[in-house]
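Q: Following this line is coords22.cif, made up of mmCIF, C-alpha atoms:
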data_entry
#
loop_
_atom_site.group_PDB
_atom_site.id
_atom_site.type_symbol
_atom_site.label_atom_id
_atom_site.label_comp_id
_atom_site.auth_asym_id
_atom_site.auth_seq_id
_atom_site.Cartn_x
_atom_site.Cartn_y
_atom_site.Cartn_z
ATOM 1 C CA MET A 832 63.347 95.735 37.476
ATOM 2 C CA ALA A 833 62.606 98.399 40.097
ATOM 3 C CA LEU A 834 63.948 97.841 43.580
ATOM 4 C CA PRO A 835 61.348 97.278 46.321
ATOM 5 C CA ARG A 836 60.238 100.270 48.394
ATOM 6 C CA ILE A 837 61.109 99.736 52.053
ATOM 7 C CA ILE A 838 59.814 102.140 54.696
ATOM 8 C CA VAL A 839 61.235 102.228 58.211
ATOM 9 C CA ALA A 840 58.524 103.751 60.391
ATOM 10 C CA GLY A 841 60.747 104.644 63.349
ATOM 11 C CA ARG A 842 64.364 105.437 64.044
ATOM 12 C CA ILE A 843 66.432 102.235 64.217
ATOM 13 C CA PRO A 844 70.170 101.529 64.592
ATOM 14 C CA ASP A 845 72.313 101.936 61.488
ATOM 15 C CA ALA A 846 73.007 98.199 61.441
ATOM 16 C CA GLY A 847 69.423 97.575 60.409
ATOM 17 C CA LEU A 848 69.449 100.240 57.716
ATOM 18 C CA ASP A 849 72.767 98.980 56.366
ATOM 19 C CA ALA A 850 71.299 95.485 56.018
ATOM 20 C CA LEU A 851 68.350 96.872 54.035
ATOM 21 C CA ARG A 852 69.978 99.324 51.621
ATOM 22 C CA PRO A 853 71.454 96.802 49.150
ATOM 23 C CA HIS A 854 67.993 95.269 48.692
ATOM 24 C CA GLY A 855 65.668 98.196 48.077
ATOM 25 C CA ASN A 856 64.933 101.895 48.040
ATOM 26 C CA VAL A 857 64.920 102.615 51.763
ATOM 27 C CA TRP A 858 63.312 105.553 53.521
ATOM 28 C CA GLY A 859 63.772 105.772 57.279
ATOM 29 C CA TRP A 860 62.405 108.024 59.984
ATOM 30 C CA LYS A 861 65.353 109.854 61.565
ATOM 31 C CA HIS A 862 63.857 111.146 64.817
ATOM 32 C CA ASP A 863 63.254 109.608 68.235
ATOM 33 C CA ASN A 864 59.735 110.995 68.483
ATOM 34 C CA PRO A 865 57.079 108.916 66.653
ATOM 35 C CA ILE A 866 56.145 109.821 63.112
ATOM 36 C CA GLU A 867 52.742 111.506 62.797
ATOM 37 C CA ILE A 868 50.116 109.157 61.435
ATOM 38 C CA ASP A 869 49.295 111.309 58.378
ATOM 39 C CA GLU A 870 52.927 111.352 57.290
ATOM 40 C CA LEU A 871 53.292 107.645 58.052
ATOM 41 C CA TYR A 872 50.340 106.773 55.835
ATOM 42 C CA GLU A 873 51.696 109.011 53.067
ATOM 43 C CA ARG A 874 55.127 107.365 53.282
ATOM 44 C CA ILE A 875 53.896 103.758 53.283
ATOM 45 C CA ASP A 876 51.617 104.257 50.273
ATOM 46 C CA GLY A 877 52.937 101.819 47.668
ATOM 47 C CA ALA A 878 55.529 100.267 49.964
ATOM 48 C CA ASP A 879 56.561 96.646 49.518
ATOM 49 C CA ALA A 880 57.812 96.340 53.096
ATOM 50 C CA VAL A 881 57.497 98.327 56.319
ATOM 51 C CA LEU A 882 59.655 97.999 59.424
ATOM 52 C CA THR A 883 57.618 98.993 62.472
ATOM 53 C CA LEU A 884 58.282 99.737 66.114
ATOM 54 C CA LEU A 885 56.009 98.722 68.974
ATOM 55 C CA THR A 886 54.576 102.257 68.866
ATOM 56 C CA THR A 887 53.384 101.726 65.267
ATOM 57 C CA LYS A 888 49.780 100.536 65.077
ATOM 58 C CA VAL A 889 49.357 98.120 62.176
ATOM 59 C CA ASP A 890 45.619 97.811 61.630
ATOM 60 C CA ARG A 891 43.164 97.996 58.738
ATOM 61 C CA SER A 892 43.798 101.704 58.234
ATOM 62 C CA PHE A 893 47.554 101.128 58.080
ATOM 63 C CA LEU A 894 47.190 98.264 55.621
ATOM 64 C CA ASP A 895 44.729 100.225 53.483
ATOM 65 C CA ALA A 896 47.183 103.136 53.360
ATOM 66 C CA ALA A 897 50.030 100.861 52.303
ATOM 67 C CA GLY A 898 48.129 99.129 49.520
ATOM 68 C CA SER A 899 47.693 95.607 48.212
ATOM 69 C CA GLN A 900 51.314 95.307 47.048
ATOM 70 C CA LEU A 901 52.580 95.252 50.666
ATOM 71 C CA LYS A 902 54.353 91.963 51.331
ATOM 72 C CA VAL A 903 55.816 92.162 54.813
ATOM 73 C CA VAL A 904 55.586 94.063 58.092
ATOM 74 C CA SER A 905 58.699 93.500 60.199
ATOM 75 C CA ASN A 906 58.210 94.502 63.826
ATOM 76 C CA VAL A 907 61.395 95.557 65.612
ATOM 77 C CA ALA A 908 60.159 94.000 68.860
ATOM 78 C CA VAL A 909 59.394 90.572 70.238
ATOM 79 C CA GLY A 910 55.895 91.634 71.323
ATOM 80 C CA TYR A 911 53.394 92.300 68.567
ATOM 81 C CA ASN A 912 50.199 93.503 70.222
ATOM 82 C CA ASN A 913 50.550 96.592 67.995
ATOM 83 C CA ILE A 914 49.870 94.417 64.927
ATOM 84 C CA ASP A 915 46.539 93.010 63.784
ATOM 85 C CA VAL A 916 48.079 89.712 62.755
ATOM 86 C CA ALA A 917 44.765 88.218 61.578
ATOM 87 C CA GLU A 918 44.162 91.170 59.249
ATOM 88 C CA CYS A 919 47.696 90.872 57.857
ATOM 89 C CA ARG A 920 47.200 87.176 57.264
ATOM 90 C CA GLN A 921 43.887 87.766 55.489
ATOM 91 C CA ARG A 922 45.578 90.199 53.102
ATOM 92 C CA GLY A 923 48.573 87.948 52.486
ATOM 93 C CA VAL A 924 50.968 90.219 54.381
ATOM 94 C CA ILE A 925 53.629 88.380 56.373
ATOM 95 C CA ALA A 926 54.204 89.797 59.863
ATOM 96 C CA THR A 927 57.459 89.103 61.702
ATOM 97 C CA ASN A 928 58.999 89.920 65.074
ATOM 98 C CA THR A 929 62.411 89.696 66.752
ATOM 99 C CA PRO A 930 62.442 86.926 69.377
ATOM 100 C CA GLY A 931 65.612 85.533 70.888
ATOM 101 C CA VAL A 932 67.932 88.497 70.414
ATOM 102 C CA LEU A 933 66.582 90.435 73.414
ATOM 103 C CA THR A 934 66.284 87.532 75.859
ATOM 104 C CA GLU A 935 69.375 88.238 77.952
ATOM 105 C CA ALA A 936 68.923 92.013 78.085
ATOM 106 C CA THR A 937 65.310 91.703 79.226
ATOM 107 C CA ALA A 938 66.193 89.098 81.832
ATOM 108 C CA ASP A 939 68.879 91.474 83.127
ATOM 109 C CA ILE A 940 66.292 94.239 83.541
ATOM 110 C CA ALA A 941 63.877 91.894 85.342
ATOM 111 C CA MET A 942 66.623 90.865 87.767
ATOM 112 C CA ALA A 943 67.590 94.504 88.250
ATOM 113 C CA LEU A 944 63.995 95.392 89.119
ATOM 114 C CA ILE A 945 63.837 92.507 91.597
ATOM 115 C CA LEU A 946 66.936 93.858 93.325
ATOM 116 C CA MET A 947 65.722 97.452 93.218
ATOM 117 C CA VAL A 948 62.305 96.789 94.711
ATOM 118 C CA THR A 949 63.341 94.236 97.329
ATOM 119 C CA ARG A 950 66.294 96.360 98.525
ATOM 120 C CA ARG A 951 64.450 99.701 98.177
ATOM 121 C CA LEU A 952 67.154 101.159 95.980
ATOM 122 C CA GLY A 953 64.855 103.634 94.250
ATOM 123 C CA GLU A 954 63.837 105.104 97.584
ATOM 124 C CA GLY A 955 67.471 105.379 98.592
ATOM 125 C CA GLU A 956 68.466 107.168 95.411
ATOM 126 C CA ARG A 957 65.587 109.619 95.795
ATOM 127 C CA ILE A 958 66.859 110.533 99.268
ATOM 128 C CA ILE A 959 70.326 111.258 97.925
ATOM 129 C CA ARG A 960 69.073 113.234 94.927
ATOM 130 C CA SER A 961 66.709 115.283 97.090
ATOM 131 C CA LYS A 962 69.792 116.699 98.875
ATOM 132 C CA GLN A 963 68.000 116.367 102.188
ATOM 133 C CA PRO A 964 70.156 115.559 105.230
ATOM 134 C CA TRP A 965 70.478 111.868 106.038
ATOM 135 C CA GLN A 966 72.456 109.665 108.354
ATOM 136 C CA TRP A 967 73.106 105.927 108.385
ATOM 137 C CA GLY A 968 70.827 104.051 110.768
ATOM 138 C CA MET A 969 70.366 100.411 111.735
ATOM 139 C CA PHE A 970 66.767 100.413 110.516
ATOM 140 C CA MET A 971 67.057 102.774 107.561
ATOM 141 C CA LEU A 972 65.323 101.472 104.421
ATOM 142 C CA LEU A 973 65.438 97.833 105.461
ATOM 143 C CA GLY A 974 64.800 95.582 102.488
ATOM 144 C CA THR A 975 64.349 91.888 101.881
ATOM 145 C CA GLY A 976 67.090 89.407 101.007
ATOM 146 C CA LEU A 977 66.633 86.988 98.118
ATOM 147 C CA GLN A 978 68.451 83.942 99.455
ATOM 148 C CA GLY A 979 66.064 81.087 100.071
ATOM 149 C CA ARG A 980 63.102 83.043 98.647
ATOM 150 C CA ARG A 981 60.845 81.712 95.916
ATOM 151 C CA LEU A 982 60.657 83.364 92.495
ATOM 152 C CA GLY A 983 57.369 82.660 90.730
ATOM 153 C CA ILE A 984 57.661 83.093 86.964
ATOM 154 C CA VAL A 985 54.482 83.675 84.948
ATOM 155 C CA GLY A 986 55.523 82.530 81.475
ATOM 156 C CA MET A 987 58.507 80.202 81.237
ATOM 157 C CA GLY A 988 59.684 81.003 77.739
ATOM 158 C CA ALA A 989 63.224 82.016 76.842
ATOM 159 C CA ILE A 990 63.160 85.195 78.958
ATOM 160 C CA GLY A 991 61.597 83.409 81.921
ATOM 161 C CA GLN A 992 64.247 80.708 81.763
ATOM 162 C CA ALA A 993 67.057 83.268 81.481
ATOM 163 C CA LEU A 994 65.657 85.079 84.520
ATOM 164 C CA ALA A 995 65.422 81.797 86.442
ATOM 165 C CA ARG A 996 69.138 81.203 85.875
ATOM 166 C CA ARG A 997 69.932 84.628 87.287
ATOM 167 C CA ALA A 998 67.637 84.128 90.268
ATOM 168 C CA THR A 999 69.174 80.787 91.206
ATOM 169 C CA ALA A 1000 72.591 82.459 91.194
ATOM 170 C CA PHE A 1001 71.197 84.761 93.896
ATOM 171 C CA GLY A 1002 70.078 81.771 95.941
ATOM 172 C CA MET A 1003 66.395 81.818 95.010
ATOM 173 C CA THR A 1004 64.238 78.792 94.304
ATOM 174 C CA VAL A 1005 62.066 78.810 91.197
ATOM 175 C CA ALA A 1006 58.458 77.959 90.471
ATOM 176 C CA TYR A 1007 56.679 78.686 87.219
ATOM 177 C CA THR A 1008 53.332 78.620 85.520
ATOM 178 C CA ASN A 1009 53.094 78.086 81.790
ATOM 179 C CA ARG A 1010 50.672 76.802 79.209
ATOM 180 C CA SER A 1011 52.834 73.695 78.898
ATOM 181 C CA ALA A 1012 55.668 72.268 80.951
ATOM 182 C CA VAL A 1013 59.254 73.008 79.989
ATOM 183 C CA THR A 1014 61.474 70.015 79.306
ATOM 184 C CA PRO A 1015 62.494 67.803 82.242
ATOM 185 C CA GLU A 1016 66.103 68.785 81.534
ATOM 186 C CA ILE A 1017 65.343 72.489 82.017
ATOM 187 C CA GLU A 1018 63.267 71.804 85.128
ATOM 188 C CA ALA A 1019 66.175 69.810 86.550
ATOM 189 C CA GLU A 1020 68.755 72.465 85.621
ATOM 190 C CA LEU A 1021 66.762 75.224 87.286
ATOM 191 C CA GLY A 1022 65.204 73.169 90.060
ATOM 192 C CA ALA A 1023 61.936 74.606 88.762
ATOM 193 C CA GLU A 1024 58.517 73.414 89.904
ATOM 194 C CA ARG A 1025 55.457 73.909 87.709
ATOM 195 C CA LEU A 1026 52.383 75.209 89.552
ATOM 196 C CA ASP A 1027 49.008 76.573 88.557
ATOM 197 C CA LEU A 1028 48.747 80.368 88.680
ATOM 198 C CA ASP A 1029 46.841 80.586 91.965
ATOM 199 C CA GLU A 1030 49.294 78.370 93.838
ATOM 200 C CA LEU A 1031 52.265 80.204 92.369
ATOM 201 C CA LEU A 1032 50.852 83.557 93.481
ATOM 202 C CA ALA A 1033 50.077 82.283 96.971
ATOM 203 C CA THR A 1034 53.507 80.752 97.599
ATOM 204 C CA SER A 1035 55.999 83.063 95.859
ATOM 205 C CA ASP A 1036 58.017 85.878 97.409
ATOM 206 C CA VAL A 1037 58.596 87.577 94.056
ATOM 207 C CA VAL A 1038 56.256 87.132 91.068
ATOM 208 C CA THR A 1039 57.547 88.109 87.626
ATOM 209 C CA VAL A 1040 55.412 88.540 84.517
ATOM 210 C CA ASN A 1041 57.177 87.156 81.446
ATOM 211 C CA CYS A 1042 54.325 85.842 79.280
ATOM 212 C CA PRO A 1043 53.190 87.215 75.903
ATOM 213 C CA TYR A 1044 50.275 89.644 75.799
ATOM 214 C CA SER A 1045 47.045 88.472 74.180
ATOM 215 C CA SER A 1046 43.307 88.580 74.824
ATOM 216 C CA GLU A 1047 43.841 85.559 77.081
ATOM 217 C CA THR A 1048 46.446 87.298 79.244
ATOM 218 C CA HIS A 1049 44.758 90.721 79.402
ATOM 219 C CA HIS A 1050 44.516 91.596 83.124
ATOM 220 C CA LEU A 1051 45.810 88.145 84.000
ATOM 221 C CA ILE A 1052 47.014 89.746 87.232
ATOM 222 C CA GLY A 1053 44.310 91.836 88.890
ATOM 223 C CA ALA A 1054 42.579 92.448 92.205
ATOM 224 C CA GLU A 1055 41.696 88.790 92.735
ATOM 225 C CA GLN A 1056 45.274 87.714 92.105
ATOM 226 C CA PHE A 1057 46.729 90.376 94.424
ATOM 227 C CA GLU A 1058 44.515 89.035 97.207
ATOM 228 C CA LEU A 1059 46.175 85.639 96.745
ATOM 229 C CA MET A 1060 49.698 87.027 97.054
ATOM 230 C CA ARG A 1061 51.551 87.371 100.323
ATOM 231 C CA SER A 1062 51.597 90.836 101.874
ATOM 232 C CA THR A 1063 55.410 90.534 101.849
ATOM 233 C CA ALA A 1064 55.546 89.627 98.136
ATOM 234 C CA PHE A 1065 56.673 91.732 95.174
ATOM 235 C CA LEU A 1066 55.456 91.912 91.566
ATOM 236 C CA VAL A 1067 57.760 92.616 88.607
ATOM 237 C CA ASN A 1068 56.508 93.149 85.047
ATOM 238 C CA THR A 1069 58.834 93.367 82.038
ATOM 239 C CA ALA A 1070 56.434 91.791 79.514
ATOM 240 C CA ARG A 1071 53.511 94.022 78.497
ATOM 241 C CA GLY A 1072 51.610 96.499 80.641
ATOM 242 C CA PRO A 1073 48.020 95.328 80.082
ATOM 243 C CA ILE A 1074 48.793 91.873 81.487
ATOM 244 C CA VAL A 1075 48.506 93.613 84.871
ATOM 245 C CA ASP A 1076 45.424 95.578 85.895
ATOM 246 C CA GLU A 1077 47.276 98.764 86.781
ATOM 247 C CA ALA A 1078 44.412 100.306 88.773
ATOM 248 C CA ALA A 1079 44.217 97.155 90.897
ATOM 249 C CA LEU A 1080 47.993 97.241 91.324
ATOM 250 C CA VAL A 1081 47.882 100.811 92.645
ATOM 251 C CA GLU A 1082 45.257 99.771 95.192
ATOM 252 C CA ALA A 1083 47.250 96.688 96.205
ATOM 253 C CA LEU A 1084 50.377 98.803 96.747
ATOM 254 C CA ARG A 1085 48.479 101.473 98.685
ATOM 255 C CA SER A 1086 46.686 98.992 100.918
ATOM 256 C CA GLY A 1087 49.716 96.843 101.629
ATOM 257 C CA ALA A 1088 48.182 93.800 99.958
ATOM 258 C CA ILE A 1089 51.634 93.342 98.407
ATOM 259 C CA ALA A 1090 54.945 94.840 99.488
ATOM 260 C CA GLY A 1091 56.055 96.429 96.247
ATOM 261 C CA ALA A 1092 56.290 96.340 92.470
ATOM 262 C CA GLY A 1093 58.914 96.906 89.793
ATOM 263 C CA LEU A 1094 57.606 97.922 86.379
ATOM 264 C CA ASP A 1095 59.247 98.409 83.009
ATOM 265 C CA VAL A 1096 55.945 98.412 81.081
ATOM 266 C CA TYR A 1097 52.583 100.074 81.623
ATOM 267 C CA GLU A 1098 48.966 99.436 80.735
ATOM 268 C CA HIS A 1099 48.442 102.754 78.935
ATOM 269 C CA GLU A 1100 52.062 103.455 78.060
ATOM 270 C CA PRO A 1101 53.497 106.060 78.245
ATOM 271 C CA MET A 1102 50.755 107.260 80.623
ATOM 272 C CA LEU A 1103 50.679 105.912 84.164
ATOM 273 C CA GLU A 1104 47.673 104.956 86.253
ATOM 274 C CA PRO A 1105 46.892 107.906 88.544
ATOM 275 C CA GLY A 1106 48.642 107.492 91.868
ATOM 276 C CA LEU A 1107 51.252 105.007 90.691
ATOM 277 C CA ASN A 1108 53.976 107.626 90.445
ATOM 278 C CA ASP A 1109 53.354 108.708 94.054
ATOM 279 C CA LEU A 1110 54.027 105.296 95.604
ATOM 280 C CA ASP A 1111 57.416 104.778 97.221
ATOM 281 C CA ASN A 1112 57.002 100.991 97.004
ATOM 282 C CA ALA A 1113 56.862 101.102 93.202
ATOM 283 C CA VAL A 1114 60.059 101.104 91.108
ATOM 284 C CA LEU A 1115 59.259 102.582 87.697
ATOM 285 C CA ILE A 1116 61.502 102.602 84.609
ATOM 286 C CA PRO A 1117 60.588 103.593 81.017
ATOM 287 C CA HIS A 1118 60.450 100.359 78.959
ATOM 288 C CA LEU A 1119 64.184 99.644 78.991
ATOM 289 C CA GLY A 1120 64.019 95.850 78.713
ATOM 290 C CA SER A 1121 65.943 95.610 75.441
ATOM 291 C CA ALA A 1122 67.779 98.916 75.793
ATOM 292 C CA THR A 1123 71.382 97.964 75.196
ATOM 293 C CA VAL A 1124 73.375 99.059 72.173
ATOM 294 C CA GLU A 1125 74.059 95.442 71.233
ATOM 295 C CA THR A 1126 70.474 94.237 71.629
ATOM 296 C CA ARG A 1127 68.808 97.068 69.736
ATOM 297 C CA ALA A 1128 71.258 96.614 66.851
ATOM 298 C CA ALA A 1129 70.524 92.874 66.806
ATOM 299 C CA MET A 1130 66.756 93.548 66.802
ATOM 300 C CA ALA A 1131 67.028 95.960 63.877
ATOM 301 C CA THR A 1132 69.248 93.558 61.954
ATOM 302 C CA LEU A 1133 66.876 90.626 62.473
ATOM 303 C CA ALA A 1134 63.923 92.741 61.325
ATOM 304 C CA ALA A 1135 65.915 93.728 58.232
ATOM 305 C CA ARG A 1136 66.826 90.099 57.508
ATOM 306 C CA ASN A 1137 63.165 89.125 57.774
ATOM 307 C CA THR A 1138 62.295 91.874 55.324
ATOM 308 C CA VAL A 1139 64.979 90.884 52.828
ATOM 309 C CA ALA A 1140 64.016 87.216 53.031
ATOM 310 C CA VAL A 1141 60.360 87.849 52.252
ATOM 311 C CA LEU A 1142 61.117 90.302 49.447
ATOM 312 C CA SER A 1143 63.460 87.679 47.948
ATOM 313 C CA GLY A 1144 60.722 85.047 47.948
ATOM 314 C CA GLN A 1145 62.216 83.169 50.873
ATOM 315 C CA PRO A 1146 60.488 82.213 54.153
ATOM 316 C CA ALA A 1147 60.717 84.758 56.960
ATOM 317 C CA LEU A 1148 63.243 83.891 59.641
ATOM 318 C CA THR A 1149 60.884 84.642 62.551
ATOM 319 C CA PRO A 1150 57.305 84.909 61.293
ATOM 320 C CA ILE A 1151 54.496 85.623 63.730
ATOM 321 C CA THR A 1152 52.281 82.537 63.683
#
Do you think you could lay out the structure here as structure tokens?

A:
Amino acid sequence: MALPRIIVAGRIPDAGLDALRPHGNVWGWKHDNPIEIDELYERIDGADAVLTLLTTKVDRSFLDAAGSQLKVVSNVAVGYNNIDVAECRQRGVIATNTPGVLTEATADIAMALILMVTRRLGEGERIIRSKQPWQWGMFMLLGTGLQGRRLGIVGMGAIGQALARRATAFGMTVAYTNRSAVTPEIEAELGAERLDLDELLATSDVVTVNCPYSSETHHLIGAEQFELMRSTAFLVNTARGPIVDEAALVEALRSGAIAGAGLDVYEHEPMLEPGLNDLDNAVLIPHLGSATVETRAAMATLAARNTVAVLSGQPALTPIT
């Protein structure tokens, strides 16, 4: 019996490839730059399984190119807005993602962005790197302390909870908004108060976006929401770019409607909204939420295990439902 054909549509850590090789004929993209769509479609033709990255668009054209024998698409990411899940389901293709394994790394990045934007660290580094003369001064780059400030978390899933634990260690209080309440035990542990979105925005000193992206959360934070926020408040987004209306964010930062923003994700990634890159009160990093050696290896391995499970006739470990 022929081994299944497994295509890896982007470069992944060796740990993921090693987990796949005993279970199929594996072809993997070896470069950091994305594979061209024509070559991708040629490679996936006749594949039984495809591992995808968040830059891989899995839509009708992709599924047509793969063929009716395709059994599983394993996304090496926790987000899956690159996948038409309904179309996969209609064709009997199981789609999976990699939740859980990137929780701590992403929470670390969110906390780092909070520190960077509130303490103006990006501005400080730019001064040093510019090689311009500088001298310590009492009022140079004054930032905002976190102790006693409120963190408002939009989306209290695993990453939101992990971030809350970090924030409380810095002396912050925590409020959250979520489709449903977390358990009383977690609320008690974190001292977390559940609020509706408007109240959370109006009363928080730092607002972090940690919810999944969907049609319901598209532009969840826009001009109307920025008007509710305090002029001294900061926004941090490590979830998905389109949850925030980036044009409205640029205007809010320019006008002083909010004090600053820290972004790891962008609405039209990798492109930025015009003007965003010129704002000193914006800290901008290139989608590094899960970018640790350990986390990326764990993501690739989980995607491989999902693939192997489905090809073996077993349930996927982390199916997208």

Q: What does the distance from atom CA of A:Glu1030 to atom CA of A:Thr1069 come to in Å, to one decimal?

A: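 Going from atom CA of A:Glu1030 over to atom CA of A:Thr1069, I get 21.3 Å.
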
Q: Let me make sure I understand: among A:Ala926, A:Leu946, A:Leu1110, A:Leu885, which one has the smallest atom-to-atom distance to A:Val1141 if we use all atoms listed in the file?

A: A:Ala926

Q: Evaluate the PyMOL selection byres ((chain A and resi 879) around 8) on the structure here and hand back the selected residues as an mmCIF file with C-alpha atoms, keeping the file's coordinate frame.

A:
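Saved as selection03.cif:
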data_model
loop_
_atom_site.group_PDB
_atom_site.id
_atom_site.type_symbol
_atom_site.label_atom_id
_atom_site.label_comp_id
_atom_site.auth_asym_id
_atom_site.auth_seq_id
_atom_site.Cartn_x
_atom_site.Cartn_y
_atom_site.Cartn_z
ATOM 1 C CA PRO A 835 61.348 97.278 46.321
ATOM 2 C CA ARG A 836 60.238 100.270 48.394
ATOM 3 C CA ILE A 837 61.109 99.736 52.053
ATOM 4 C CA GLY A 877 52.937 101.819 47.668
ATOM 5 C CA ALA A 878 55.529 100.267 49.964
ATOM 6 C CA ALA A 880 57.812 96.340 53.096
ATOM 7 C CA VAL A 881 57.497 98.327 56.319
ATOM 8 C CA GLN A 900 51.314 95.307 47.048
ATOM 9 C CA LEU A 901 52.580 95.252 50.666
ATOM 10 C CA LYS A 902 54.353 91.963 51.331
ATOM 11 C CA VAL A 903 55.816 92.162 54.813
ATOM 12 C CA LEU A 1142 61.117 90.302 49.447
#

Q: Name every residue that the PyMOL selection byres ((chain A and resi 1085) around 10) selects in this structure, writing the answer as an NGL selection string with chains first and numbers rising.

A: :A and (1079-1084 or 1086-1091 or 1106-1107 or 1109-1112)

Q: Determine the nearest neighbour of A:Ser1121 from the options A:Thr929, A:Thr1008, A:Thr1048, A:Asn912, counting only C-alpha atoms.

A: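 Closest residue, counting only C-alpha atoms: A:Thr929.
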
Q: Starting from the shown file, work through the PyMOL selection byres ((chain A and resi 850) around 9) and note down what comes out as a JSON list (two decimals) with C-alpha atoms, in the frame of the given file.

A:
[["chain", "number", "residue", "atom", "x", "y", "z"],
["A", 845, "ASP", "CA", 72.31, 101.94, 61.49],
["A", 846, "ALA", "CA", 73.01, 98.20, 61.44],
["A", 847, "GLY", "CA", 69.42, 97.58, 60.41],
["A", 848, "LEU", "CA", 69.45, 100.24, 57.72],
["A", 849, "ASP", "CA", 72.77, 98.98, 56.37],
["A", 851, "LEU", "CA", 68.35, 96.87, 54.04],
["A", 852, "ARG", "CA", 69.98, 99.32, 51.62],
["A", 853, "PRO", "CA", 71.45, 96.80, 49.15],
["A", 854, "HIS", "CA", 67.99, 95.27, 48.69],
["A", 1131, "ALA", "CA", 67.03, 95.96, 63.88],
["A", 1132, "THR", "CA", 69.25, 93.56, 61.95],
["A", 1135, "ALA", "CA", 65.92, 93.73, 58.23],
["A", 1136, "ARG", "CA", 66.83, 90.10, 57.51],
["A", 1139, "VAL", "CA", 64.98, 90.88, 52.83]]

Q: Determine, counting only C-alpha atoms, which protein, DNA and RNA residues have an atom within 6 Å of an atom of stretch 977-994 of chain A; residues of the same chain fewer than 5 positions away are not included. Present the result as a VMD selection string.

A: chain A and resid 934 938 1002 to 1009 1031 1035 to 1042

Q: Find the spatial neighbours of A:Arg957, counting all atoms listed in the file, within a cut-off of 12 Å - ignore same-chain residues fewer than 5 positions away - and output them as a VMD selection string.

A: chain A and resid 951 to 952 962 to 963 965 972 1111 1114

Q: Go ahead and compute the interatomic distance for atom CA of A:Leu834 and atom CA of A:Thr927, in Å to one decimal.

A: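 Here the two named atoms are 21.1 Å from each other.
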
Q: What does the distance from atom CA of A:Ile945 to atom CA of A:Val1067 come to in Å, to one decimal?

A: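 Separation of atom CA of A:Ile945 and atom CA of A:Val1067: 6.8 Å.
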
Q: Name all residues at most 8 Å from stretch 1051-1053 of chain A (count all atoms listed in the file; drop same-chain ones fewer than 2 positions away) and give them as an mmCIF file with C-alpha atoms, keeping the file's coordinate frame.

A:
data_model
loop_
_atom_site.group_PDB
_atom_site.id
_atom_site.type_symbol
_atom_site.label_atom_id
_atom_site.label_comp_id
_atom_site.auth_asym_id
_atom_site.auth_seq_id
_atom_site.Cartn_x
_atom_site.Cartn_y
_atom_site.Cartn_z
ATOM 1 C CA GLU A 1047 43.841 85.559 77.081
ATOM 2 C CA THR A 1048 46.446 87.298 79.244
ATOM 3 C CA HIS A 1049 44.758 90.721 79.402
ATOM 4 C CA GLU A 1055 41.696 88.790 92.735
ATOM 5 C CA GLN A 1056 45.274 87.714 92.105
ATOM 6 C CA PHE A 1057 46.729 90.376 94.424
ATOM 7 C CA ILE A 1074 48.793 91.873 81.487
ATOM 8 C CA VAL A 1075 48.506 93.613 84.871
ATOM 9 C CA ASP A 1076 45.424 95.578 85.895
ATOM 10 C CA GLU A 1077 47.276 98.764 86.781
ATOM 11 C CA ALA A 1079 44.217 97.155 90.897
ATOM 12 C CA LEU A 1080 47.993 97.241 91.324
#
